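Asks: If you scroll down you'll find the structure; I have some questions about it.
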Amino acid sequence: SVSVEKKLGRGFVDVFASGQALQYDGISTLGLNGQSYGIGARGGYWISPQIYSFVETELLWHQYSGKGLDTHGYRVLTGLGTDQLGLFRGQVYVGFQSQSGATLIGKSQLSPVVGGQLYYYPTAYLTFIAQVDQDLGVATPAVVGAQYVTSTRASLAAQYAFSPYWSAISRFGYVNTRFQSDKTHDQAWFSKVGLSYTFWRNVALTADYQHTSVISHSSASSYRQNIYTIGMNYRY
């Protein structure tokens, strides 16, 4: 992902883009290999020195190797945010998201999008982050089972900078996925720990481990997952 922000007096504009490729090992899931893309823009204005408003829009594409699974859509949000007020900083937003699918997904679907984040700074080196959100997506557990889903997420994270160069983060969260066609639910719990080392100006090396446990309405679809990630972040 990449984003660029430009300040314009009391306003600001942020342009961003993201991409993700998925490649499965199992033969039965070859139809789910594909890519996801997003591109969008966000504009805001500082109503006061502490509070800003913003509007955001994003175009979304999901392409799969299996026929009839591709989707495309858009998301529109508006919200309010704050600069740091004492020990706290936050943001809330509301909006809607539209997705249109190919033959196996069905007709267009319109769903509300809501969310928010709250940051708490008890010390100069420690930050707690609470986040909740809900949005629309597409589940493709099998080619004939593709359908729209509404995902509701909640997470709590703690980040500690124990030197000018090193920081650690831990995160714990819950996801509830509602399948709109058959009205069933899946639940997932995840935990994550990571380290970051800033070795040159705004460039940092990162290492993360995440464990996810999914409890599905279909016993055959429940699973546990462990992901190890090494990467590099650049802030401009």
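Identifiers in this document derive from the order of the structure tokens: chains are assigned A, B, ..., residues are numbered from 1 separately in each chain, and ligands are numbered from 1 in order of occurrence.
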Would you list the contacts of Thr206 in chain A as a PyMOL selection string, taking every protein, DNA or RNA residue within 9 Å and counting only C-alpha atoms, but skipping same-chain residues closer than 3 positions in sequence?

Replies: chain A and resi 194-198+229-233

Asks: Write out the residues from the selection above, keeping N, CA and C atoms, as a compact mmCIF listing (two decimals), in the first residue's frame.

Replies:
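For reference, result-v2.txt as written:
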# COMPACT_ATOMS: atom_id res chain seq x y z
N GLY A 194 4.65 -7.90 17.36
CA GLY A 194 5.58 -7.46 16.33
C GLY A 194 6.65 -6.55 16.89
N LEU A 195 7.73 -6.43 16.14
CA LEU A 195 8.84 -5.55 16.46
C LEU A 195 9.13 -4.65 15.26
N SER A 196 9.58 -3.42 15.53
CA SER A 196 9.95 -2.49 14.47
C SER A 196 11.27 -1.84 14.84
N TYR A 197 12.17 -1.76 13.86
CA TYR A 197 13.49 -1.14 14.06
C TYR A 197 13.70 -0.06 13.00
N THR A 198 13.74 1.19 13.43
CA THR A 198 13.97 2.32 12.53
C THR A 198 15.47 2.52 12.40
N THR A 229 5.59 -12.55 9.27
CA THR A 229 5.79 -11.51 8.26
C THR A 229 7.05 -10.72 8.56
N ILE A 230 7.85 -10.48 7.52
CA ILE A 230 9.00 -9.59 7.61
C ILE A 230 8.84 -8.53 6.52
N GLY A 231 9.03 -7.28 6.86
CA GLY A 231 8.81 -6.23 5.87
C GLY A 231 9.58 -4.97 6.18
N MET A 232 9.29 -3.93 5.39
CA MET A 232 9.94 -2.63 5.53
C MET A 232 8.90 -1.54 5.32
N ASN A 233 8.91 -0.53 6.21
CA ASN A 233 7.99 0.60 6.12
C ASN A 233 8.77 1.88 5.85

Asks: DSSP on the backbone: which residues in range 14-226 of chain A end up as helix (DSSP H, G or I)? Give the answer as a list in words.

Replies: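 After running DSSP on the backbone, range 14-226 of chain A has helix (DSSP H, G or I) at Ile27, Ser28, Thr29, Leu30, Gly31, Leu32, Val143, Val144, Gly145, Ser219, Ala220 and Ser221 of chain A.
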
Asks: Taking into account only C-alpha atoms, which residue in the set A:Arg89, A:Arg153, A:Arg75, A:Lys7 is nearest to Gln117 in chain A?

Replies: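 Ranking A:Arg89, A:Arg153, A:Arg75, A:Lys7 by distance to Gln117 in chain A, first place goes to A:Arg89.
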
Asks: Determine, counting only C-alpha atoms, which protein, DNA and RNA residues have an atom within 12 Å of an atom of Ile227 in chain A; residues of the same chain fewer than 6 positions away are not included. Present the result as a list of chain:residue names.

Replies: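 Within the cut-off, the hits are A:Phe190, A:Ser191, A:Lys192, A:Val193, A:Gly194, A:Ala207, A:Asp208, A:Tyr209, A:Gln210, A:His211, A:Thr212, A:Ser213.
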
Asks: Which one is closest to Gln63 in chain A: A:Ser181, A:Tyr165, A:Leu22, A:Leu85? Count only C-alpha atoms.

Replies: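 Among the listed residues, the smallest separation from Gln63 in chain A belongs to A:Leu22.
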
Asks: Would you kindly return, as a compact mmCIF listing (two decimals) with C-alpha atoms, in the first residue's frame, each protein, DNA or RNA residue with an atom no farther than 6 Å from any atom of Ser155 in chain A, considering only C-alpha atoms and excluding same-chain residues fewer than 3 positions away?

Replies:
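Saved as part.txt:
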# COMPACT_ATOMS: atom_id res chain seq x y z
CA ALA A 130 -9.09 0.58 20.45
CA GLN A 131 -10.86 0.10 17.13
CA PHE A 172 -5.87 -8.80 20.16
CA GLY A 173 -9.15 -8.84 18.27

Asks: Which residue, A:Ser216, A:Ser1, A:Gln109, A:Thr78, has the smallest gap to Thr57 in chain A when you use only C-alpha atoms?

Replies: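 The closest residue to Thr57 in chain A is A:Thr78.
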
Asks: For range 48-55 of chain A, list every protein, DNA or RNA residue within 7 Å, evaluated using only C-alpha atoms, and leave out those in the same chain fewer than 6 positions away; present the list as a PyMOL selection string.

Replies: chain A and resi 42+77-83

Asks: Point out the residue among A:Phe199, A:Trp46, A:Tyr234, A:Tyr119 with the least atom-to-atom distance to Leu8 in chain A, counting only C-alpha atoms.

Replies: A:Trp46

Asks: With a distance cut-off of 12 Å and only C-alpha atoms, select the neighbouring residues of Tyr37 in chain A, excluding the residue or stretch itself and same-chain residues fewer than 6 positions from it, and output the selection as a VMD selection string.

Replies: chain A and resid 1 to 2 16 to 22 58 to 64 70 to 74

Asks: Please provide the set of residues having any atom within 7 Å of range 158-164 of chain A, restricted to only C-alpha atoms, with same-chain residues fewer than 2 positions apart removed, written as a PDB file with N, CA, C and O atoms, in the first residue's frame.

Replies:
ATOM      1  N   TYR A 125       5.852   7.024  25.819  1.00  0.00           N
ATOM      2  CA  TYR A 125       6.368   5.862  25.095  1.00  0.00           C
ATOM      3  C   TYR A 125       5.319   4.770  24.874  1.00  0.00           C
ATOM      4  O   TYR A 125       5.555   3.847  24.100  1.00  0.00           O
ATOM      5  N   LEU A 126       4.166   4.860  25.535  1.00  0.00           N
ATOM      6  CA  LEU A 126       3.155   3.807  25.483  1.00  0.00           C
ATOM      7  C   LEU A 126       1.865   4.351  24.894  1.00  0.00           C
ATOM      8  O   LEU A 126       1.387   5.423  25.289  1.00  0.00           O
ATOM      9  N   THR A 127       1.290   3.591  23.928  1.00  0.00           N
ATOM     10  CA  THR A 127       0.033   3.971  23.289  1.00  0.00           C
ATOM     11  C   THR A 127      -0.911   2.775  23.264  1.00  0.00           C
ATOM     12  O   THR A 127      -0.513   1.673  22.883  1.00  0.00           O
ATOM     13  N   PHE A 128      -2.161   2.986  23.666  1.00  0.00           N
ATOM     14  CA  PHE A 128      -3.217   1.977  23.541  1.00  0.00           C
ATOM     15  C   PHE A 128      -4.170   2.427  22.421  1.00  0.00           C
ATOM     16  O   PHE A 128      -4.522   3.607  22.340  1.00  0.00           O
ATOM     17  N   ILE A 129      -4.594   1.470  21.587  1.00  0.00           N
ATOM     18  CA  ILE A 129      -5.449   1.768  20.447  1.00  0.00           C
ATOM     19  C   ILE A 129      -6.649   0.819  20.458  1.00  0.00           C
ATOM     20  O   ILE A 129      -6.469  -0.400  20.388  1.00  0.00           O
ATOM     21  N   TRP A 166      13.713   1.321  18.454  1.00  0.00           N
ATOM     22  CA  TRP A 166      12.953   0.086  18.589  1.00  0.00           C
ATOM     23  C   TRP A 166      11.566   0.347  19.169  1.00  0.00           C
ATOM     24  O   TRP A 166      11.399   1.186  20.056  1.00  0.00           O
ATOM     25  N   SER A 167      10.564  -0.374  18.653  1.00  0.00           N
ATOM     26  CA  SER A 167       9.217  -0.348  19.223  1.00  0.00           C
ATOM     27  C   SER A 167       8.597  -1.731  19.091  1.00  0.00           C
ATOM     28  O   SER A 167       8.945  -2.507  18.199  1.00  0.00           O
ATOM     29  N   ALA A 168       7.688  -2.037  20.003  1.00  0.00           N
ATOM     30  CA  ALA A 168       6.989  -3.328  20.001  1.00  0.00           C
ATOM     31  C   ALA A 168       5.490  -3.072  20.014  1.00  0.00           C
ATOM     32  O   ALA A 168       5.013  -2.064  20.559  1.00  0.00           O
ATOM     33  N   ILE A 169       4.743  -3.973  19.407  1.00  0.00           N
ATOM     34  CA  ILE A 169       3.286  -3.848  19.360  1.00  0.00           C
ATOM     35  C   ILE A 169       2.643  -5.207  19.589  1.00  0.00           C
ATOM     36  O   ILE A 169       3.176  -6.243  19.159  1.00  0.00           O
ATOM     37  N   SER A 170       1.535  -5.208  20.293  1.00  0.00           N
ATOM     38  CA  SER A 170       0.722  -6.411  20.459  1.00  0.00           C
ATOM     39  C   SER A 170      -0.729  -6.032  20.189  1.00  0.00           C
ATOM     40  O   SER A 170      -1.154  -4.918  20.499  1.00  0.00           O
ATOM     41  N   ARG A 171      -1.465  -6.966  19.598  1.00  0.00           N
ATOM     42  CA  ARG A 171      -2.850  -6.688  19.225  1.00  0.00           C
ATOM     43  C   ARG A 171      -3.694  -7.934  19.457  1.00  0.00           C
ATOM     44  O   ARG A 171      -3.256  -9.061  19.194  1.00  0.00           O
TER      45      ARG A 171
END

Asks: Rank A:Ala220, A:Leu69, A:Val114, A:Ile215 by their smallest atom-to-atom distance to Tyr148 in chain A, using only C-alpha atoms, and report the top residue only.

Replies: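 Nearest candidate to Tyr148 in chain A out of A:Ala220, A:Leu69, A:Val114, A:Ile215: A:Leu69.
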
Asks: Identify all residues of range 117-209 of chain A in strand (DSSP E or B) (DSSP on the backbone) and supply them as a ChimeraX atom specification.

Replies: /A:117-120,126-139,147-160,166-179,185-200,203-209

Asks: Kindly indicate which residue among A:Tyr121, A:Phe88, A:Phe96, A:Phe12 lies nearest to Ile47 in chain A, using only C-alpha atoms for the distances.

Replies: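 Nearest to Ile47 in chain A: A:Phe12.
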